[in-house]
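Quick look at structure-v1.txt (compact mmCIF, C-alpha atoms):
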```
# COMPACT_ATOMS: atom_id res chain seq x y z
CA MET A 1 57.99 85.60 53.25
CA ILE A 2 57.63 87.11 49.76
CA GLU A 3 59.79 90.09 48.84
CA ILE A 4 59.93 92.08 45.59
CA LYS A 5 63.29 93.77 45.01
CA LYS A 6 64.06 96.14 42.13
CA ALA A 7 66.92 94.85 39.97
CA GLU A 8 69.40 97.65 39.29
CA LYS A 9 72.84 96.02 39.02
CA THR A 10 74.34 93.75 36.38
CA THR A 11 74.74 91.02 39.01
CA GLU A 12 70.96 91.12 39.49
CA PHE A 13 70.41 91.06 35.70
CA LYS A 14 72.57 87.93 35.57
CA ILE A 15 70.40 86.30 38.27
CA ILE A 16 67.31 87.09 36.17
CA GLU A 17 69.01 85.64 33.08
CA LYS A 18 69.67 82.37 34.94
CA LEU A 19 66.11 82.24 36.29
CA ALA A 20 64.74 82.97 32.81
CA THR A 21 66.73 80.14 31.26
CA GLN A 22 65.29 77.62 33.69
CA ILE A 23 61.72 78.95 33.88
CA LEU A 24 61.12 79.68 30.20
CA HIS A 25 62.19 76.18 29.18
CA GLU A 26 59.82 74.77 31.87
CA VAL A 27 56.93 76.88 30.60
CA TYR A 28 57.41 77.02 26.84
CA ASP A 29 59.19 73.87 25.66
CA PRO A 30 55.94 71.86 25.84
CA ILE A 31 54.18 74.38 23.55
CA ILE A 32 56.82 75.95 21.26
CA PRO A 33 60.12 74.70 19.78
CA ALA A 34 63.01 74.86 22.28
CA GLU A 35 65.14 76.77 19.75
CA HIS A 36 62.57 79.58 19.80
CA THR A 37 62.78 79.66 23.59
CA ASP A 38 66.59 79.94 23.25
CA TYR A 39 66.16 82.78 20.75
CA PHE A 40 63.76 84.57 23.09
CA LEU A 41 66.19 84.18 26.00
CA THR A 42 69.13 85.59 24.02
CA GLU A 43 67.21 88.48 22.49
CA PHE A 44 65.07 89.55 25.44
CA GLN A 45 66.22 87.96 28.70
CA SER A 46 70.00 88.02 28.64
CA GLU A 47 71.91 90.21 31.08
CA ASN A 48 72.72 92.66 28.26
CA ALA A 49 69.16 92.73 26.87
CA ILE A 50 67.73 93.45 30.33
CA GLY A 51 70.23 96.25 30.93
CA ASN A 52 69.39 97.76 27.54
CA GLN A 53 65.64 97.56 28.18
CA ILE A 54 66.06 99.36 31.52
CA LYS A 55 68.38 102.01 30.08
CA ASN A 56 66.62 102.70 26.79
CA GLU A 57 63.04 101.37 26.83
CA ASN A 58 61.63 102.46 30.22
CA TYR A 59 61.56 98.94 31.69
CA SER A 60 61.89 98.03 35.34
CA TYR A 61 62.79 94.53 36.49
CA PHE A 62 62.27 93.02 39.91
CA LEU A 63 63.49 89.85 41.60
CA LEU A 64 60.85 87.81 43.38
CA ASN A 65 62.16 86.30 46.59
CA PHE A 66 60.59 83.62 48.76
CA ASP A 67 62.25 83.03 52.13
CA SER A 68 65.34 84.94 50.90
CA LYS A 69 65.69 82.79 47.76
CA ASN A 70 65.38 84.20 44.22
CA VAL A 71 62.47 82.24 42.75
CA GLY A 72 61.22 84.43 39.92
CA TYR A 73 61.16 87.82 38.31
CA LEU A 74 58.90 90.55 37.05
CA GLY A 75 59.40 92.98 34.17
CA ILE A 76 57.22 96.01 33.46
CA GLN A 77 57.37 98.80 30.89
CA LYS A 78 55.76 102.17 31.55
CA LEU A 79 54.33 103.78 28.41
CA ASN A 80 52.39 106.97 29.18
CA GLU A 81 48.81 105.91 30.07
CA LYS A 82 49.51 102.20 30.08
CA LEU A 83 51.76 99.73 31.82
CA ILE A 84 52.98 96.66 29.97
CA LEU A 85 53.31 93.60 32.19
CA SER A 86 56.10 92.15 30.09
CA LYS A 87 57.39 89.33 32.28
CA LEU A 88 56.09 87.49 35.32
CA TYR A 89 57.75 84.14 35.89
CA VAL A 90 58.11 81.91 38.95
CA LEU A 91 60.09 78.68 39.24
CA GLU A 92 57.79 75.68 38.89
CA SER A 93 58.63 74.33 42.35
CA PHE A 94 57.50 77.64 43.95
CA ARG A 95 54.19 78.06 42.12
CA GLY A 96 51.06 78.00 44.25
CA LEU A 97 52.67 79.96 47.09
CA LYS A 98 51.02 83.31 46.23
CA ILE A 99 54.25 84.72 44.73
CA GLY A 100 52.61 85.53 41.39
CA LYS A 101 49.56 86.97 43.15
CA THR A 102 51.80 89.19 45.27
CA ALA A 103 53.63 90.33 42.12
CA LEU A 104 50.31 91.16 40.40
CA GLU A 105 49.24 93.17 43.46
CA TYR A 106 52.57 95.03 43.27
CA VAL A 107 51.95 95.80 39.57
CA ASN A 108 48.47 97.11 40.38
CA ARG A 109 49.84 99.38 43.14
CA PHE A 110 52.62 100.62 40.85
CA ALA A 111 50.08 101.45 38.13
CA THR A 112 47.70 103.18 40.54
CA ASN A 113 50.50 105.20 42.17
CA ASN A 114 51.67 106.33 38.72
CA ARG A 115 48.14 107.24 37.53
CA ILE A 116 48.21 104.60 34.83
CA GLU A 117 44.83 103.81 33.28
CA ARG A 118 45.40 100.23 32.14
CA ILE A 119 47.74 97.27 32.32
CA GLU A 120 48.37 95.19 29.20
CA LEU A 121 50.10 91.87 28.67
CA ILE A 122 50.64 89.23 26.01
CA VAL A 123 50.15 85.53 26.86
CA ASN A 124 50.53 82.42 24.72
CA ARG A 125 47.11 81.00 23.78
CA GLN A 126 48.24 77.51 24.82
CA ASN A 127 49.22 78.65 28.32
CA GLN A 128 45.74 78.13 29.80
CA LYS A 129 46.78 78.02 33.48
CA THR A 130 48.36 81.46 33.15
CA ILE A 131 45.40 82.82 31.18
CA ASP A 132 43.10 81.62 33.97
CA ILE A 133 45.22 83.38 36.60
CA TYR A 134 45.06 86.66 34.71
CA LEU A 135 41.30 86.32 34.18
CA LYS A 136 40.86 85.67 37.91
CA ASN A 137 42.84 88.86 38.61
CA GLY A 138 40.67 91.19 36.55
CA PHE A 139 42.24 90.95 33.08
CA GLU A 140 40.18 90.40 29.95
CA ILE A 141 41.18 88.99 26.57
CA VAL A 142 40.90 91.90 24.14
CA GLU A 143 42.61 90.54 21.03
CA SER A 144 43.91 87.37 19.46
CA ILE A 145 47.26 87.99 17.73
CA ILE A 146 50.08 86.20 15.97
CA ASN A 147 53.55 87.42 16.89
CA SER A 148 56.26 86.76 14.30
CA PHE A 149 59.94 86.95 15.15
CA PRO A 150 63.04 87.57 13.00
CA ASN A 151 64.20 83.97 13.60
CA GLY A 152 61.24 82.71 11.54
CA HIS A 153 59.08 81.49 14.43
CA SER A 154 55.64 82.79 15.19
CA VAL A 155 53.38 82.24 18.18
CA GLU A 156 49.65 82.60 18.73
CA ASP A 157 49.00 84.92 21.64
CA TYR A 158 46.25 86.78 23.41
CA LYS A 159 46.51 90.43 24.31
CA MET A 160 44.95 90.90 27.73
CA GLU A 161 44.07 94.12 29.47
CA LYS A 162 42.98 95.36 32.86
CA ILE A 163 41.35 98.77 33.10
CA LEU A 164 42.09 100.51 36.39
CA ILE A 165 39.70 102.80 38.17
CA THR A 166 41.51 106.08 38.67
CA GLU A 167 40.30 108.72 41.09
```

Translate the structure of the given file into structure tokens.
Amino acid sequence: MIEIKKAEKTTEFKIIEKLATQILHEVYDPIIPAEHTDYFLTEFQSENAIGNQIKNENYSYFLLNFDSKNVGYLGIQKLNEKLILSKLYVLESFRGLKIGKTALEYVNRFATNNRIERIELIVNRQNQKTIDIYLKNGFEIVESIINSFPNGHSVEDYKMEKILITE
């Protein structure tokens, strides 16, 4: 059974930090330098960074559970008329079990319930499997961008968007 649980306590932020460390190295080490992945983890996915994003930047984080086991996480940021799908990661050994699909359905419901017009996300151009999943779920590539970070690394990304029909 798949369950999505809002993360609200520092103990839950710590669980996300541990999941992020494992998952992001699985996903990104083949396509970007490992030291950039470490930088990203420290700056954006540490327990403190997650708490700060929730407190000050209108983020919400959720633990993704499969059969009562934490197997991934979701991070969204609500910005007026749009919702940023900031993070959606599942442990490699649990991919293909509809966990990501269930999380995307949750994001769509959240956006619709909050009268949000569109969902945006950024995805690495080399992450073709993930790009294909988003395309299959109604997202379109709207821009090709290069993101530069203070640690000197830059990555080539796509900005993707899904326009929602609002009634």

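For the atom pair formed by CA of Ile119 in chain A and CA of Leu83 in chain A, the distance is 4.7 Å, given to one decimal.
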
Proximity to Arg125 in chain A - best of A:Val90, A:Val155, A:Leu64, A:Leu164, only C-alpha atoms: A:Val155

Within-12 Å shell of (52.3, 92.6, 43.7) in input frame, all atoms listed in the file, as a list in words: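 Residues with an atom at most 12 Å from (52.3, 92.6, 43.7): Ile2, Glu3, Ile4, Lys5, Phe62, Leu63, Leu64, Tyr73, Leu74, Gly75, Ile76, Leu85, Leu88, Lys98, Ile99, Gly100, Lys101, Thr102, Ala103, Leu104, Glu105, Tyr106, Val107, Asn108, Arg109, Phe110, Ala111, Thr112 and Asn137 of chain A.
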
Test item: residues at most 12 Å from Ser93 in chain A, only C-alpha atoms, excluding those fewer than 6 positions along its chain, as number ranges by chain: A: 22-23, 26, 66, 71-72, 99

Selection near Thr11 in chain A, 12 Å with all atoms listed in the file, sequence-local residues under 4 positions removed, as a ChimeraX atom specification: /A:7,15-18,46-48,50-51,63

Residue neighbourhood Ser86 in chain A, 10 Å, all atoms listed in the file, exclusion window fewer than 5 positions, as number ranges by chain: A: 59-61, 74-77, 120-123

Between CA of Asp38 in chain A and CA of His25 in chain A, distance in Å (one decimal):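 Answer for the CA of Asp38 in chain A to CA of His25 in chain A separation: 8.3 Å.
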
Which residue of A:Leu91, A:Ala20, A:Met1, A:Ile31 approaches Asp157 in chain A most closely, using only C-alpha atoms: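 For Asp157 in chain A, the nearest of the given residues is A:Ile31.
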
Straight-line distance linking CA of Gln128 in chain A with CA of Glu161 in chain A, stated in Å to one decimal: 16.1 Å

What would range 7-18 of chain A look like with all heavy atoms in place, written as a PDB file, in the coordinates of the input?
```pdb
ATOM      1  N   ALA A   7      65.613  95.255  40.502  1.00  0.00           N
ATOM      2  CA  ALA A   7      66.920  94.850  39.970  1.00  0.00           C
ATOM      3  C   ALA A   7      67.556  96.067  39.305  1.00  0.00           C
ATOM      4  O   ALA A   7      66.990  96.634  38.369  1.00  0.00           O
ATOM      5  CB  ALA A   7      66.750  93.718  38.965  1.00  0.00           C
ATOM      6  N   GLU A   8      68.740  96.443  39.795  1.00  0.00           N
ATOM      7  CA  GLU A   8      69.400  97.650  39.290  1.00  0.00           C
ATOM      8  C   GLU A   8      70.855  97.422  38.893  1.00  0.00           C
ATOM      9  O   GLU A   8      71.445  98.271  38.238  1.00  0.00           O
ATOM     10  CB  GLU A   8      69.322  98.757  40.350  1.00  0.00           C
ATOM     11  CG  GLU A   8      67.891  99.125  40.700  1.00  0.00           C
ATOM     12  CD  GLU A   8      67.773 100.163  41.795  1.00  0.00           C
ATOM     13  OE1 GLU A   8      68.276  99.924  42.911  1.00  0.00           O
ATOM     14  OE2 GLU A   8      67.173 101.212  41.512  1.00  0.00           O
ATOM     15  N   LYS A   9      71.424  96.295  39.286  1.00  0.00           N
ATOM     16  CA  LYS A   9      72.840  96.020  39.020  1.00  0.00           C
ATOM     17  C   LYS A   9      72.991  94.858  38.045  1.00  0.00           C
ATOM     18  O   LYS A   9      72.116  93.987  37.966  1.00  0.00           O
ATOM     19  CB  LYS A   9      73.568  95.689  40.329  1.00  0.00           C
ATOM     20  CG  LYS A   9      73.531  96.814  41.347  1.00  0.00           C
ATOM     21  CD  LYS A   9      74.260  96.434  42.608  1.00  0.00           C
ATOM     22  CE  LYS A   9      73.315  95.653  43.485  1.00  0.00           C
ATOM     23  NZ  LYS A   9      73.772  95.390  44.818  1.00  0.00           N
ATOM     24  N   THR A  10      74.103  94.832  37.347  1.00  0.00           N
ATOM     25  CA  THR A  10      74.340  93.750  36.380  1.00  0.00           C
ATOM     26  C   THR A  10      74.348  92.393  37.054  1.00  0.00           C
ATOM     27  O   THR A  10      73.930  91.405  36.447  1.00  0.00           O
ATOM     28  CB  THR A  10      75.642  93.969  35.585  1.00  0.00           C
ATOM     29  OG1 THR A  10      76.728  94.101  36.506  1.00  0.00           O
ATOM     30  CG2 THR A  10      75.556  95.210  34.716  1.00  0.00           C
ATOM     31  N   THR A  11      74.776  92.316  38.304  1.00  0.00           N
ATOM     32  CA  THR A  11      74.740  91.020  39.010  1.00  0.00           C
ATOM     33  C   THR A  11      73.298  90.543  39.161  1.00  0.00           C
ATOM     34  O   THR A  11      73.028  89.350  39.065  1.00  0.00           O
ATOM     35  CB  THR A  11      75.418  91.115  40.387  1.00  0.00           C
ATOM     36  OG1 THR A  11      74.832  92.196  41.127  1.00  0.00           O
ATOM     37  CG2 THR A  11      76.916  91.343  40.268  1.00  0.00           C
ATOM     38  N   GLU A  12      72.382  91.478  39.376  1.00  0.00           N
ATOM     39  CA  GLU A  12      70.960  91.120  39.490  1.00  0.00           C
ATOM     40  C   GLU A  12      70.388  90.742  38.117  1.00  0.00           C
ATOM     41  O   GLU A  12      69.566  89.837  38.012  1.00  0.00           O
ATOM     42  CB  GLU A  12      70.184  92.269  40.109  1.00  0.00           C
ATOM     43  CG  GLU A  12      70.584  92.506  41.559  1.00  0.00           C
ATOM     44  CD  GLU A  12      70.169  93.853  42.105  1.00  0.00           C
ATOM     45  OE1 GLU A  12      70.139  94.849  41.349  1.00  0.00           O
ATOM     46  OE2 GLU A  12      69.880  93.913  43.313  1.00  0.00           O
ATOM     47  N   PHE A  13      70.853  91.420  37.055  1.00  0.00           N
ATOM     48  CA  PHE A  13      70.410  91.060  35.700  1.00  0.00           C
ATOM     49  C   PHE A  13      70.859  89.642  35.352  1.00  0.00           C
ATOM     50  O   PHE A  13      70.140  88.895  34.691  1.00  0.00           O
ATOM     51  CB  PHE A  13      70.942  92.027  34.649  1.00  0.00           C
ATOM     52  CG  PHE A  13      70.645  93.494  34.908  1.00  0.00           C
ATOM     53  CD1 PHE A  13      71.388  94.467  34.280  1.00  0.00           C
ATOM     54  CD2 PHE A  13      69.629  93.899  35.775  1.00  0.00           C
ATOM     55  CE1 PHE A  13      71.135  95.811  34.490  1.00  0.00           C
ATOM     56  CE2 PHE A  13      69.370  95.248  36.000  1.00  0.00           C
ATOM     57  CZ  PHE A  13      70.131  96.209  35.350  1.00  0.00           C
ATOM     58  N   LYS A  14      72.038  89.285  35.817  1.00  0.00           N
ATOM     59  CA  LYS A  14      72.570  87.930  35.570  1.00  0.00           C
ATOM     60  C   LYS A  14      71.718  86.894  36.314  1.00  0.00           C
ATOM     61  O   LYS A  14      71.464  85.804  35.779  1.00  0.00           O
ATOM     62  CB  LYS A  14      74.036  87.857  36.008  1.00  0.00           C
ATOM     63  CG  LYS A  14      74.741  86.593  35.605  1.00  0.00           C
ATOM     64  CD  LYS A  14      74.907  86.548  34.103  1.00  0.00           C
ATOM     65  CE  LYS A  14      75.720  85.343  33.683  1.00  0.00           C
ATOM     66  NZ  LYS A  14      75.705  85.175  32.225  1.00  0.00           N
ATOM     67  N   ILE A  15      71.285  87.206  37.518  1.00  0.00           N
ATOM     68  CA  ILE A  15      70.400  86.300  38.270  1.00  0.00           C
ATOM     69  C   ILE A  15      69.099  86.104  37.495  1.00  0.00           C
ATOM     70  O   ILE A  15      68.618  84.975  37.353  1.00  0.00           O
ATOM     71  CB  ILE A  15      70.125  86.850  39.691  1.00  0.00           C
ATOM     72  CG1 ILE A  15      71.401  86.817  40.533  1.00  0.00           C
ATOM     73  CG2 ILE A  15      69.009  86.057  40.370  1.00  0.00           C
ATOM     74  CD1 ILE A  15      71.324  87.612  41.827  1.00  0.00           C
ATOM     75  N   ILE A  16      68.545  87.188  36.959  1.00  0.00           N
ATOM     76  CA  ILE A  16      67.310  87.090  36.170  1.00  0.00           C
ATOM     77  C   ILE A  16      67.554  86.249  34.930  1.00  0.00           C
ATOM     78  O   ILE A  16      66.722  85.402  34.578  1.00  0.00           O
ATOM     79  CB  ILE A  16      66.776  88.493  35.816  1.00  0.00           C
ATOM     80  CG1 ILE A  16      66.284  89.196  37.089  1.00  0.00           C
ATOM     81  CG2 ILE A  16      65.659  88.403  34.760  1.00  0.00           C
ATOM     82  CD1 ILE A  16      65.936  90.655  36.907  1.00  0.00           C
ATOM     83  N   GLU A  17      68.687  86.443  34.268  1.00  0.00           N
ATOM     84  CA  GLU A  17      69.010  85.640  33.080  1.00  0.00           C
ATOM     85  C   GLU A  17      69.025  84.148  33.418  1.00  0.00           C
ATOM     86  O   GLU A  17      68.452  83.331  32.676  1.00  0.00           O
ATOM     87  CB  GLU A  17      70.375  86.062  32.525  1.00  0.00           C
ATOM     88  CG  GLU A  17      70.821  85.253  31.326  1.00  0.00           C
ATOM     89  CD  GLU A  17      72.201  85.647  30.820  1.00  0.00           C
ATOM     90  OE1 GLU A  17      72.611  86.820  30.965  1.00  0.00           O
ATOM     91  OE2 GLU A  17      72.881  84.755  30.264  1.00  0.00           O
ATOM     92  N   LYS A  18      69.628  83.784  34.541  1.00  0.00           N
ATOM     93  CA  LYS A  18      69.670  82.370  34.940  1.00  0.00           C
ATOM     94  C   LYS A  18      68.276  81.840  35.276  1.00  0.00           C
ATOM     95  O   LYS A  18      67.916  80.721  34.889  1.00  0.00           O
ATOM     96  CB  LYS A  18      70.607  82.190  36.146  1.00  0.00           C
ATOM     97  CG  LYS A  18      72.067  82.309  35.775  1.00  0.00           C
ATOM     98  CD  LYS A  18      72.973  82.123  36.971  1.00  0.00           C
ATOM     99  CE  LYS A  18      74.428  82.273  36.564  1.00  0.00           C
ATOM    100  NZ  LYS A  18      75.346  82.146  37.687  1.00  0.00           N
TER     101      LYS A  18
END
```
